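**Student:** See final_19.cif below, with mmCIF, C-alpha atoms.
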data_my_file
loop_
_atom_site.label_atom_id
_atom_site.label_comp_id
_atom_site.auth_asym_id
_atom_site.auth_seq_id
_atom_site.Cartn_x
_atom_site.Cartn_y
_atom_site.Cartn_z
CA MET A 12 4.21 -1.14 13.36
CA TYR A 13 2.99 -2.05 16.85
CA ASP A 14 3.25 1.55 18.03
CA LYS A 15 0.73 2.44 15.31
CA ARG A 16 -1.60 -0.55 15.74
CA ILE A 17 -1.61 -1.34 19.46
CA PRO A 18 -3.04 0.95 22.19
CA GLN A 19 -0.36 2.25 24.54
CA ILE A 20 -2.01 0.66 27.57
CA GLN A 21 -1.55 -2.79 26.01
CA ILE A 22 2.05 -2.06 24.98
CA ASP A 23 2.73 -1.05 28.59
CA GLU A 24 1.06 -4.25 29.86
CA HIS A 25 3.31 -6.41 27.69
CA SER A 26 6.40 -4.40 28.67
CA THR A 27 5.60 -4.85 32.36
CA PHE A 28 5.04 -8.58 31.90
CA THR A 29 8.33 -8.93 29.98
CA SER A 30 10.42 -6.98 32.50
CA GLU A 31 8.93 -8.82 35.50
CA VAL A 32 8.98 -12.35 34.10
CA LEU A 33 11.66 -12.76 31.42
CA PRO A 34 15.44 -12.34 31.45
CA ILE A 35 16.06 -9.53 28.96
CA SER A 36 19.16 -8.44 27.09
CA HIS A 37 20.03 -4.90 26.12
CA LEU A 38 18.07 -3.67 23.09
CA CYS A 39 19.96 -4.37 19.85
CA ARG A 40 19.19 -2.45 16.68
CA THR A 41 22.15 -3.48 14.53
CA GLU A 42 23.92 -6.72 13.70
CA LYS A 43 27.07 -5.46 15.44
CA GLU A 44 25.15 -4.68 18.63
CA LEU A 45 23.54 -8.14 18.54
CA VAL A 46 26.88 -9.93 18.19
CA ASN A 47 28.43 -7.85 20.99
CA GLU A 48 25.42 -8.52 23.27
CA ILE A 49 25.72 -12.29 22.78
CA LYS A 50 29.39 -12.04 23.77
CA ARG A 51 28.65 -9.73 26.73
CA CYS A 52 26.02 -12.13 28.12
CA LYS A 53 28.35 -15.10 27.57
CA ILE A 54 25.59 -16.87 25.64
CA GLU A 55 26.62 -20.40 24.64
CA ALA A 56 23.81 -21.26 22.20
CA VAL A 57 21.22 -19.37 20.19
CA PHE A 58 17.62 -20.49 19.70
CA VAL A 59 15.58 -18.76 17.01
CA GLY A 60 11.87 -19.45 17.16
CA SER A 61 9.01 -19.80 17.07
CA ASP A 62 6.39 -17.78 15.17
CA ALA A 63 6.75 -16.04 11.80
CA LEU A 64 10.47 -15.33 11.98
CA PHE A 65 11.17 -16.50 8.42
CA LYS A 66 8.58 -14.07 7.04
CA TYR A 67 9.81 -12.34 3.90
CA VAL A 68 8.29 -10.26 1.12
CA PRO A 69 10.01 -10.98 -2.23
CA GLN A 70 11.10 -7.94 -4.23
CA SER A 71 8.69 -8.79 -7.05
CA ASN A 72 5.76 -8.64 -4.61
CA ARG A 73 6.68 -5.14 -3.46
CA ARG A 74 6.18 -3.76 -6.94
CA VAL A 75 2.62 -2.49 -7.39
CA PHE A 76 0.91 -0.29 -9.94
CA SER A 77 -0.03 3.13 -8.59
CA LYS A 78 -3.21 4.49 -10.16
CA LYS A 79 -2.34 7.89 -8.75
CA LYS A 80 1.14 8.02 -10.30
CA LEU A 81 0.22 5.84 -13.32
CA ARG A 82 3.37 3.78 -12.94
CA TYR A 83 4.80 0.90 -10.95
CA ILE A 84 6.24 1.74 -7.53
CA TYR A 85 7.89 -0.21 -4.72
CA TYR A 86 6.02 0.02 -1.46
CA LYS A 87 7.85 0.23 1.87
CA ILE A 88 7.79 -2.82 4.16
CA ILE A 89 8.82 -3.20 7.77
CA SER A 90 12.40 -4.26 8.43
CA VAL A 91 11.55 -7.76 9.65
CA GLU A 92 10.12 -8.51 6.20
CA GLU A 93 13.46 -7.63 4.62
CA LEU A 94 16.25 -10.13 4.09
CA ASN A 95 19.39 -8.09 4.86
CA ASN A 96 17.93 -6.46 7.98
CA ASN A 97 16.33 -9.55 9.49
CA PRO A 98 18.59 -11.35 12.01
CA PHE A 99 16.25 -14.35 12.23
CA PHE A 100 17.43 -15.71 8.88
CA GLY A 101 20.82 -16.23 10.53
CA GLY A 102 23.17 -13.91 8.66
CA PHE A 103 24.72 -12.49 11.85
CA LEU A 104 25.63 -15.99 13.10
CA SER A 105 28.68 -16.12 10.82
CA LYS A 106 30.23 -13.32 12.93
CA LEU A 107 29.97 -15.29 16.19
CA PRO A 108 32.69 -17.58 17.60
CA GLN A 109 32.43 -21.11 16.22
CA SER A 110 31.87 -22.44 19.75
CA ILE A 111 28.38 -20.83 19.78
CA SER A 112 25.91 -23.15 18.06
CA ALA A 113 22.60 -21.88 16.68
CA TYR A 114 19.26 -23.61 16.11
CA ALA A 115 16.03 -22.50 14.46
CA PHE A 116 13.06 -24.26 16.07
CA SER A 117 9.42 -24.40 14.92
CA VAL A 118 9.87 -21.33 12.74
CA SER A 119 7.15 -20.19 10.34
CA SER A 120 7.38 -18.12 7.17
CA GLN A 121 3.85 -16.73 7.62
CA ASN A 122 2.68 -17.82 4.13
CA CYS A 123 5.73 -16.24 2.44
CA PRO A 124 5.30 -16.44 -1.38
CA PHE A 125 8.77 -17.94 -1.75
CA PHE A 126 8.02 -19.07 -5.30
CA ALA A 127 8.28 -15.39 -6.32
CA MET A 128 11.87 -14.96 -5.05
CA ASN A 129 14.61 -14.24 -7.59
CA ALA A 130 17.98 -16.03 -7.83
CA ASN A 131 19.87 -13.45 -5.74
CA GLU A 132 17.29 -13.57 -2.95
CA ARG A 133 17.44 -17.36 -2.87
CA MET A 134 21.24 -17.38 -2.79
CA LEU A 135 21.45 -14.89 0.10
CA MET A 136 18.75 -16.70 2.09
CA LYS A 137 20.55 -20.02 1.59
CA GLN A 138 23.81 -18.51 2.86
CA CYS A 139 22.10 -17.11 5.96
CA MET A 140 20.21 -20.32 6.79
CA GLY A 141 23.42 -22.31 6.34
CA ASN A 142 24.71 -20.81 9.60
CA TYR A 143 22.21 -22.86 11.64
CA LYS A 144 23.26 -26.21 13.05
CA SER A 145 19.71 -27.40 12.53
CA ILE A 146 16.35 -25.98 11.41
CA THR A 147 12.88 -27.24 12.23
CA VAL A 148 9.71 -25.54 11.04
CA ARG A 149 6.14 -25.19 12.23
CA ASP A 150 4.23 -26.04 9.06
CA GLU A 151 4.32 -27.74 5.66
CA TRP A 152 4.51 -24.44 3.76
CA THR A 153 7.67 -23.34 5.57
CA LYS A 154 9.12 -26.85 5.16
CA ARG A 155 8.67 -26.52 1.39
CA MET A 156 10.28 -23.09 1.46
CA VAL A 157 13.34 -24.07 3.53
CA GLU A 158 13.91 -27.30 1.61
CA GLU A 159 13.67 -25.52 -1.72
CA ILE A 160 16.01 -22.72 -0.62
CA THR A 161 18.62 -24.87 1.16
CA GLY A 162 18.46 -27.92 -1.10
CA LYS A 163 17.83 -30.18 1.90
CA ASN A 164 14.97 -32.67 2.02
CA ASN A 165 14.91 -33.58 5.70
CA ILE A 166 13.51 -30.47 7.40
CA ALA A 167 11.35 -31.63 10.31
CA ILE A 168 8.01 -30.15 11.32
CA THR A 169 7.84 -29.43 15.05
CA PRO A 170 4.92 -27.99 17.01
CA ASP A 171 4.36 -24.42 18.09
CA PRO A 172 5.78 -24.13 21.66
CA VAL A 173 2.30 -23.31 22.98
CA PHE A 174 1.58 -27.02 22.59
CA SER A 175 3.88 -27.55 25.58
CA PHE A 176 2.83 -24.46 27.53
CA ASN A 177 1.04 -26.19 30.40
CA GLN A 178 4.07 -28.42 30.97
CA ASN A 179 6.75 -25.74 30.52
CA CYS A 180 5.27 -22.62 32.10
CA TYR A 181 6.56 -22.07 35.64
CA LEU A 182 4.19 -19.16 36.27
CA LYS A 183 0.93 -19.64 38.16
CA LEU A 184 -2.09 -19.24 35.90
CA PRO A 185 -5.17 -17.56 37.37
CA THR A 186 -7.70 -20.18 38.46
CA LYS A 187 -11.14 -20.43 36.89
CA ASP A 188 -12.68 -18.97 40.05
CA GLU A 189 -10.25 -16.03 39.95
CA ILE A 190 -11.10 -15.32 36.31
CA PHE A 191 -14.85 -15.48 36.96
CA GLN A 192 -14.50 -13.22 39.99
CA LYS A 193 -12.26 -10.62 38.33
CA TYR A 194 -14.47 -10.27 35.23
CA LYS A 195 -17.75 -10.69 37.11
CA LEU A 196 -18.77 -13.73 35.07
CA LYS A 197 -21.85 -15.54 36.40
CA GLN A 198 -22.15 -18.34 33.85
CA ASP A 199 -20.08 -20.36 31.40
CA TYR A 200 -19.07 -18.34 28.35
CA ILE A 201 -18.11 -18.70 24.69
CA LEU A 202 -15.49 -16.24 23.45
CA ILE A 203 -15.95 -14.17 20.29
CA SER A 204 -12.87 -12.43 18.86
CA PHE A 205 -12.81 -10.61 15.51
CA SER A 206 -11.39 -7.55 13.84
CA LYS A 207 -13.58 -5.31 11.70
CA TYR A 208 -11.68 -6.10 8.49
CA TYR A 209 -13.84 -9.04 7.39
CA MET A 210 -16.59 -9.25 9.99
CA ASN A 211 -19.81 -7.22 10.44
CA ASP A 212 -22.16 -6.32 13.31
CA LEU A 213 -25.19 -8.22 11.98
CA TYR A 214 -23.37 -11.56 11.82
CA ILE A 215 -21.91 -11.17 15.32
CA HIS A 216 -25.33 -10.32 16.76
CA LYS A 217 -26.85 -13.43 15.19
CA LEU A 218 -23.95 -15.47 16.50
CA SER A 219 -24.52 -14.01 19.96
CA GLU A 220 -28.22 -14.91 19.84
CA GLU A 221 -27.40 -18.53 19.00
CA ILE A 222 -24.92 -18.72 21.89
CA VAL A 223 -27.55 -17.37 24.32
CA LYS A 224 -30.08 -19.94 23.06
CA MET A 225 -27.65 -22.67 24.06
CA GLY A 226 -27.38 -21.31 27.61
CA PHE A 227 -23.95 -19.67 27.38
CA LEU A 228 -22.72 -16.11 27.73
CA PRO A 229 -21.31 -14.56 24.52
CA LEU A 230 -18.13 -12.77 25.64
CA ILE A 231 -15.94 -10.55 23.46
CA LEU A 232 -12.20 -11.26 23.74
CA PRO A 233 -10.17 -8.28 22.51
CA MET A 234 -7.46 -8.33 19.88
CA PRO A 235 -4.16 -6.68 20.89
CA GLU A 236 -5.26 -3.82 18.61
CA GLY A 237 -8.27 -3.15 20.83
CA CYS A 238 -11.71 -4.42 21.81
CA ILE A 239 -14.05 -4.60 18.81
CA ASP A 240 -17.36 -5.39 20.52
CA PHE A 241 -19.74 -5.12 17.52
CA GLY A 242 -22.28 -3.59 19.92
CA LEU A 243 -22.31 -6.51 22.38
CA LYS A 244 -22.51 -5.71 26.08
CA ASN A 245 -20.31 -8.42 27.59
CA LYS A 246 -16.64 -7.88 26.78
CA ILE A 247 -13.11 -7.99 28.13
CA GLU A 248 -11.33 -4.65 27.85
CA LEU A 249 -7.65 -3.90 27.37
CA PRO A 250 -5.17 -3.96 28.97
CA LEU A 251 -5.04 -7.72 29.28
CA SER A 252 -2.08 -9.65 30.67
CA PRO A 253 -0.77 -12.57 28.58
CA LEU A 254 -1.58 -15.05 31.38
CA GLU A 255 -5.16 -13.81 31.80
CA TRP A 256 -5.64 -13.89 28.02
CA TYR A 257 -4.49 -17.52 28.06
CA ALA A 258 -6.67 -18.37 31.05
CA LEU A 259 -9.79 -16.82 29.50
CA ILE A 260 -9.40 -19.18 26.52
CA LYS A 261 -8.48 -22.19 28.68
CA TYR A 262 -11.63 -21.88 30.81
CA ALA A 263 -14.03 -21.02 27.96
CA LYS A 264 -16.69 -23.40 26.71
CA GLY A 265 -15.74 -22.37 23.21
CA TYR A 266 -13.78 -19.93 21.05
CA ILE A 267 -15.13 -18.43 17.81
CA GLY A 268 -12.85 -16.05 16.01
CA GLU A 269 -9.72 -15.20 14.08
CA ARG A 270 -5.95 -15.49 14.60
CA MET A 271 -3.88 -18.62 14.99
CA HIS A 272 -2.65 -18.60 18.57
CA PRO A 273 -6.10 -18.56 20.19
CA ILE A 274 -6.78 -21.70 18.15
CA VAL A 275 -3.50 -23.26 19.32
CA VAL A 276 -4.36 -22.44 22.96
CA ALA A 277 -7.80 -23.98 22.44
CA LEU A 278 -6.28 -27.11 20.86
CA HIS A 279 -3.76 -27.45 23.67
CA ASN A 280 -6.52 -27.26 26.29
CA SER A 281 -9.21 -29.21 24.36
CA VAL A 282 -11.49 -26.16 24.16
CA PRO A 283 -14.08 -26.35 21.34
CA PHE A 284 -13.48 -23.75 18.62
CA PHE A 285 -14.50 -22.54 15.21
CA CYS A 286 -11.84 -20.61 13.29
CA PHE A 287 -12.38 -17.85 10.74
CA ASP A 288 -9.06 -18.02 8.92
CA GLU A 289 -7.49 -14.80 7.64
CA TYR A 290 -4.12 -16.25 6.64
CA GLY A 291 -2.75 -17.55 3.37
CA THR A 292 -1.19 -16.43 0.11
CA VAL A 293 -3.12 -15.42 -2.99
CA GLU A 294 -1.19 -16.15 -6.19
CA ARG A 295 -1.81 -13.52 -8.86
CA LYS A 296 -1.31 -14.00 -12.59
CA TYR A 297 -1.91 -11.88 -15.67
CA TRP A 298 -1.48 -8.55 -13.84
CA GLY A 299 -3.84 -9.64 -11.09
CA LEU A 300 -6.72 -10.59 -13.39
CA LYS A 301 -6.41 -14.23 -12.34
CA GLN A 302 -6.11 -14.97 -8.61
CA LYS A 303 -5.79 -18.28 -6.83
CA TYR A 304 -5.94 -18.74 -3.06
CA ILE A 305 -3.39 -21.32 -1.83
CA LYS A 306 -5.05 -22.65 1.32
CA GLN A 307 -2.02 -24.79 2.20
CA SER A 308 -0.09 -21.56 2.80
CA SER A 309 -2.27 -20.76 5.83
CA LYS A 310 -0.58 -21.71 9.09
CA THR A 311 -3.95 -22.32 10.78
CA PHE A 312 -5.13 -24.54 7.93
CA LEU A 313 -1.99 -26.67 8.21
CA ILE A 314 -2.33 -27.18 11.97
CA LEU A 315 -6.00 -28.15 11.69
CA GLU A 316 -5.21 -30.40 8.75
CA ARG A 317 -2.75 -32.27 10.95
CA ALA A 318 -5.35 -32.47 13.71
CA HIS A 319 -8.03 -33.66 11.22
CA LEU A 320 -10.24 -30.75 12.32
CA LEU A 321 -10.67 -28.82 9.06
CA ASN A 322 -14.45 -28.97 9.51
CA PHE A 323 -13.95 -26.29 12.14
CA LEU A 324 -12.29 -23.78 9.81
CA PHE A 325 -13.74 -21.22 7.42
CA SER A 326 -11.36 -19.28 5.16
CA TYR A 327 -12.15 -15.68 4.30
CA LYS A 328 -9.91 -15.77 1.24
CA GLU A 329 -11.94 -18.49 -0.46
CA LYS A 330 -14.62 -15.79 -0.74
CA LYS A 331 -17.50 -18.09 0.12
CA LYS A 332 -20.66 -17.24 2.01
CA PHE A 333 -20.19 -17.12 5.79
CA PRO A 334 -21.42 -20.27 7.58
CA GLU A 335 -24.78 -19.85 9.33
CA PRO A 336 -24.34 -18.73 12.97
CA SER A 337 -26.47 -21.68 14.12
CA GLU A 338 -24.11 -24.05 12.26
CA VAL A 339 -21.06 -22.49 13.94
CA VAL A 340 -22.53 -22.81 17.44
CA ASN A 341 -23.67 -26.39 16.76
CA LYS A 342 -20.10 -27.25 15.80
CA ILE A 343 -18.93 -25.87 19.14
CA LEU A 344 -21.51 -28.00 20.98
CA ASN A 345 -20.61 -31.14 19.03
CA PHE A 346 -16.86 -30.63 19.05
CA PRO A 347 -14.80 -33.88 19.21
CA VAL A 348 -13.05 -33.13 22.51
CA LEU A 349 -11.43 -36.57 22.91
CA LYS A 350 -10.01 -36.42 19.38
CA CYS A 351 -8.62 -32.97 20.12
CA THR A 352 -7.07 -34.12 23.41
CA GLN A 353 -5.37 -37.04 21.71
CA PHE A 354 -3.87 -34.75 19.05
CA ALA A 355 -2.70 -32.23 21.67
CA ASN A 356 -0.99 -34.98 23.70
CA GLU A 357 0.71 -36.41 20.62
CA TYR A 358 1.89 -32.97 19.50
CA GLN A 359 3.21 -32.17 22.97
CA GLU A 360 5.24 -35.37 22.91
CA VAL A 361 6.67 -34.45 19.49
CA TYR A 362 7.63 -31.06 20.87
CA GLU A 363 9.37 -32.52 23.93
CA LYS A 364 11.23 -35.14 21.89
CA ASN A 365 12.60 -32.63 19.38
CA MET A 366 13.47 -30.03 22.01
CA MET A 367 15.37 -32.62 24.08
CA ASN A 368 17.22 -33.68 20.93
CA ILE A 369 18.55 -30.14 20.48
CA ILE A 370 19.36 -29.74 24.18
CA ASN A 371 21.35 -32.97 24.04
CA GLN A 372 23.23 -31.66 21.00
CA ILE A 373 24.14 -28.51 22.90
CA GLU A 374 25.27 -30.49 25.95
CA SER A 375 27.50 -32.69 23.79
CA LEU A 376 29.31 -29.62 22.46
CA ARG A 377 30.10 -28.11 25.88
#
Any chance you could give the structure as structure tokens?

**Tutor:**
Amino acid sequence: MYDKRIPQIQIDEHSTFTSEVLPISHLCRTEKELVNEIKRCKIEAVFVGSDALFKYVPQSNRRVFSKKKLRYIYYKIISVEELNNNPFFGGFLSKLPQSISAYAFSVSSQNCPFFAMNANERMLMKQCMGNYKSITVRDEWTKRMVEEITGKNNIAITPDPVFSFNQNCYLKLPTKDEIFQKYKLKQDYILISFSKYYMNDLYIHKLSEEIVKMGFLPLILPMPEGCIDFGLKNKIELPLSPLEWYALIKYAKGYIGERMHPIVVALHNSVPFFCFDEYGTVERKYWGLKQKYIKQSSKTFLILERAHLLNFLFSYKEKKKFPEPSEVVNKILNFPVLKCTQFANEYQEVYEKNMMNIINQIESLR
């Protein structure tokens, strides 16, 4: 999927970062290879998380009507959206020695429509998840899913690890001066980051004009898929290292755009933002004639609901008129920074507490 969507220069940038910074195992493509690699590396405990590792597409949702073939067909999905081929659900753990304990931490299901799963799917998923010593999830939607599948009612919600990034990261971030010098920035900037799927040139140009009126530089931040500049002059091009991407958000005067993790980075660093939310499940009934958007299935919605910052979110899937660009920029200027900082500090403490709890469990078993 990434080979098709992401420019090679950005894939190479991530590969270089990974090989230089992270301890890496051999590449495993089968369950047998994964089990053997864990034994070879003498791994004592397995952490699964975070991000959308419990993502799954129920069989009923893969069945669509083909107008071309005039019949129902099953469309192909990527392997990580399967159940049998996805190691993150924990099926392979049953083949490891009992001395190796496994934990799922802050995992998300990426708005999985779990209500559409059949009895066999639920049974297999329950068996797989039963191999974990403990499971925590990143959002209310995944909590509902795991509790319904496993029959447990005590699944804890723990923060995305980015909420502890500044405390945990041992790498040196570029300074603000270094970022300004490298990208030839001469004034404070507000980042704009969108794909072309929902957004249009006219809206971005109006947004840019409002940002300029307020004395800031409108600066395009690229998606991993590439830099969609909507005709604006000031932009960051790929390739972009993960640390510079993080630093560009950290030092911004605001972020306006899509995707969840830029919002999490902004929250963690008390950077004003306005989110255009692309996530969430649409429930379809009566052969698709009746559709209902379930906003609580959006991972971004759930984080901002916890932070009491839903006024800074607009959902595409509610199919409402876009907010006026002037309104968006005014929200950036009047962002409740202190409220955001308090939430970020509280969430970081929750992260540390729950992570230490698991580490202590592992230590007690050694």

**Student:** Give me the range 90-110 of chain A side of the contact with range 22-44 of chain A, cut-off 12 Å, one line per residue showing its nearest atom pair and distance in Å at one decimal, counting only C-alpha atoms, sorted by chain and residue number, as a Markdown table.

**Tutor:**
| residue | atom | partner | partner_atom | distance |
| --- | --- | --- | --- | --- |
| A:Ser90 | CA | A:Arg40 | CA | 10.8 |
| A:Val91 | CA | A:Arg40 | CA | 11.7 |
| A:Asn95 | CA | A:Glu42 | CA | 10.0 |
| A:Asn96 | CA | A:Glu42 | CA | 8.3 |
| A:Asn97 | CA | A:Glu42 | CA | 9.1 |
| A:Pro98 | CA | A:Glu42 | CA | 7.3 |
| A:Phe99 | CA | A:Glu42 | CA | 10.9 |
| A:Gly101 | CA | A:Glu42 | CA | 10.5 |
| A:Gly102 | CA | A:Glu42 | CA | 8.8 |
| A:Phe103 | CA | A:Glu42 | CA | 6.1 |
| A:Leu104 | CA | A:Glu42 | CA | 9.4 |
| A:Ser105 | CA | A:Glu42 | CA | 10.9 |
| A:Lys106 | CA | A:Lys43 | CA | 8.8 |
| A:Leu107 | CA | A:Lys43 | CA | 10.3 |

**Student:** Give me the residues of range 72-158 of chain A that have any atom at most 12 Å from an atom of range 286-292 of chain A; for each, the nearest atom pair and the distance in Å, rounded to one decimal. Use only C-alpha atoms, sort by chain and number, and format it as JSON lines.

**Tutor:**
{"residue": "A:Asn72", "atom": "CA", "partner": "A:Thr292", "partner_atom": "CA", "distance": 11.5}
{"residue": "A:Ser120", "atom": "CA", "partner": "A:Gly291", "partner_atom": "CA", "distance": 10.8}
{"residue": "A:Gln121", "atom": "CA", "partner": "A:Gly291", "partner_atom": "CA", "distance": 7.9}
{"residue": "A:Asn122", "atom": "CA", "partner": "A:Gly291", "partner_atom": "CA", "distance": 5.5}
{"residue": "A:Cys123", "atom": "CA", "partner": "A:Thr292", "partner_atom": "CA", "distance": 7.3}
{"residue": "A:Pro124", "atom": "CA", "partner": "A:Thr292", "partner_atom": "CA", "distance": 6.7}
{"residue": "A:Phe125", "atom": "CA", "partner": "A:Thr292", "partner_atom": "CA", "distance": 10.2}
{"residue": "A:Phe126", "atom": "CA", "partner": "A:Thr292", "partner_atom": "CA", "distance": 11.0}
{"residue": "A:Ala127", "atom": "CA", "partner": "A:Thr292", "partner_atom": "CA", "distance": 11.5}
{"residue": "A:Trp152", "atom": "CA", "partner": "A:Gly291", "partner_atom": "CA", "distance": 10.0}

**Student:** The selected residues should be written to file as a PDB file, in the frame of the given file (atoms: C-alpha atoms).

**Tutor:**
ATOM      1  CA  ASN A  72       5.760  -8.640  -4.610  1.00  0.00           C
ATOM      2  CA  SER A 120       7.380 -18.120   7.170  1.00  0.00           C
ATOM      3  CA  GLN A 121       3.850 -16.730   7.620  1.00  0.00           C
ATOM      4  CA  ASN A 122       2.680 -17.820   4.130  1.00  0.00           C
ATOM      5  CA  CYS A 123       5.730 -16.240   2.440  1.00  0.00           C
ATOM      6  CA  PRO A 124       5.300 -16.440  -1.380  1.00  0.00           C
ATOM      7  CA  PHE A 125       8.770 -17.940  -1.750  1.00  0.00           C
ATOM      8  CA  PHE A 126       8.020 -19.070  -5.300  1.00  0.00           C
ATOM      9  CA  ALA A 127       8.280 -15.390  -6.320  1.00  0.00           C
ATOM     10  CA  TRP A 152       4.510 -24.440   3.760  1.00  0.00           C
TER      11      TRP A 152
END

**Student:** I need the residue set behind the PyMOL selection byres ((chain A and resi 343) around 7) for this file; please write it as number ranges by chain.

**Tutor:** A: 265, 283-285, 339-342, 344-346

**Student:** Need to verify the contact set: Phe227 in chain A, 8 Å, only C-alpha atoms, exclusion of same-chain residues closer than 3 positions in sequence. Can you return it as an mmCIF file with C-alpha atoms, in the coordinates of the input?

**Tutor:**
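Below is the file out_7.cif, written as the result:
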data_model
loop_
_atom_site.group_PDB
_atom_site.id
_atom_site.type_symbol
_atom_site.label_atom_id
_atom_site.label_comp_id
_atom_site.auth_asym_id
_atom_site.auth_seq_id
_atom_site.Cartn_x
_atom_site.Cartn_y
_atom_site.Cartn_z
ATOM 1 C CA GLN A 198 -22.150 -18.340 33.850
ATOM 2 C CA ASP A 199 -20.080 -20.360 31.400
ATOM 3 C CA TYR A 200 -19.070 -18.340 28.350
ATOM 4 C CA ILE A 201 -18.110 -18.700 24.690
ATOM 5 C CA ILE A 222 -24.920 -18.720 21.890
ATOM 6 C CA VAL A 223 -27.550 -17.370 24.320
ATOM 7 C CA LYS A 224 -30.080 -19.940 23.060
#

**Student:** Got a sec to resolve the PyMOL selection byres ((chain A and resi 218) around 10) on this structure and send the residues as a list of chain:residue names?

**Tutor:** A:Ile203, A:Asp212, A:Leu213, A:Tyr214, A:Ile215, A:His216, A:Lys217, A:Ser219, A:Glu220, A:Glu221, A:Ile222, A:Val223, A:Pro229, A:Ile267, A:Glu335, A:Pro336, A:Ser337, A:Glu338, A:Val339, A:Val340

**Student:** Please produce an output containing C-alpha atoms for each residue in the selection, written as a PDB file, in the coordinates of the input.

**Tutor:**
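The resulting again.pdb:
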ATOM      1  CA  ILE A 203     -15.950 -14.170  20.290  1.00  0.00           C
ATOM      2  CA  ASP A 212     -22.160  -6.320  13.310  1.00  0.00           C
ATOM      3  CA  LEU A 213     -25.190  -8.220  11.980  1.00  0.00           C
ATOM      4  CA  TYR A 214     -23.370 -11.560  11.820  1.00  0.00           C
ATOM      5  CA  ILE A 215     -21.910 -11.170  15.320  1.00  0.00           C
ATOM      6  CA  HIS A 216     -25.330 -10.320  16.760  1.00  0.00           C
ATOM      7  CA  LYS A 217     -26.850 -13.430  15.190  1.00  0.00           C
ATOM      8  CA  SER A 219     -24.520 -14.010  19.960  1.00  0.00           C
ATOM      9  CA  GLU A 220     -28.220 -14.910  19.840  1.00  0.00           C
ATOM     10  CA  GLU A 221     -27.400 -18.530  19.000  1.00  0.00           C
ATOM     11  CA  ILE A 222     -24.920 -18.720  21.890  1.00  0.00           C
ATOM     12  CA  VAL A 223     -27.550 -17.370  24.320  1.00  0.00           C
ATOM     13  CA  PRO A 229     -21.310 -14.560  24.520  1.00  0.00           C
ATOM     14  CA  ILE A 267     -15.130 -18.430  17.810  1.00  0.00           C
ATOM     15  CA  GLU A 335     -24.780 -19.850   9.330  1.00  0.00           C
ATOM     16  CA  PRO A 336     -24.340 -18.730  12.970  1.00  0.00           C
ATOM     17  CA  SER A 337     -26.470 -21.680  14.120  1.00  0.00           C
ATOM     18  CA  GLU A 338     -24.110 -24.050  12.260  1.00  0.00           C
ATOM     19  CA  VAL A 339     -21.060 -22.490  13.940  1.00  0.00           C
ATOM     20  CA  VAL A 340     -22.530 -22.810  17.440  1.00  0.00           C
TER      21      VAL A 340
END
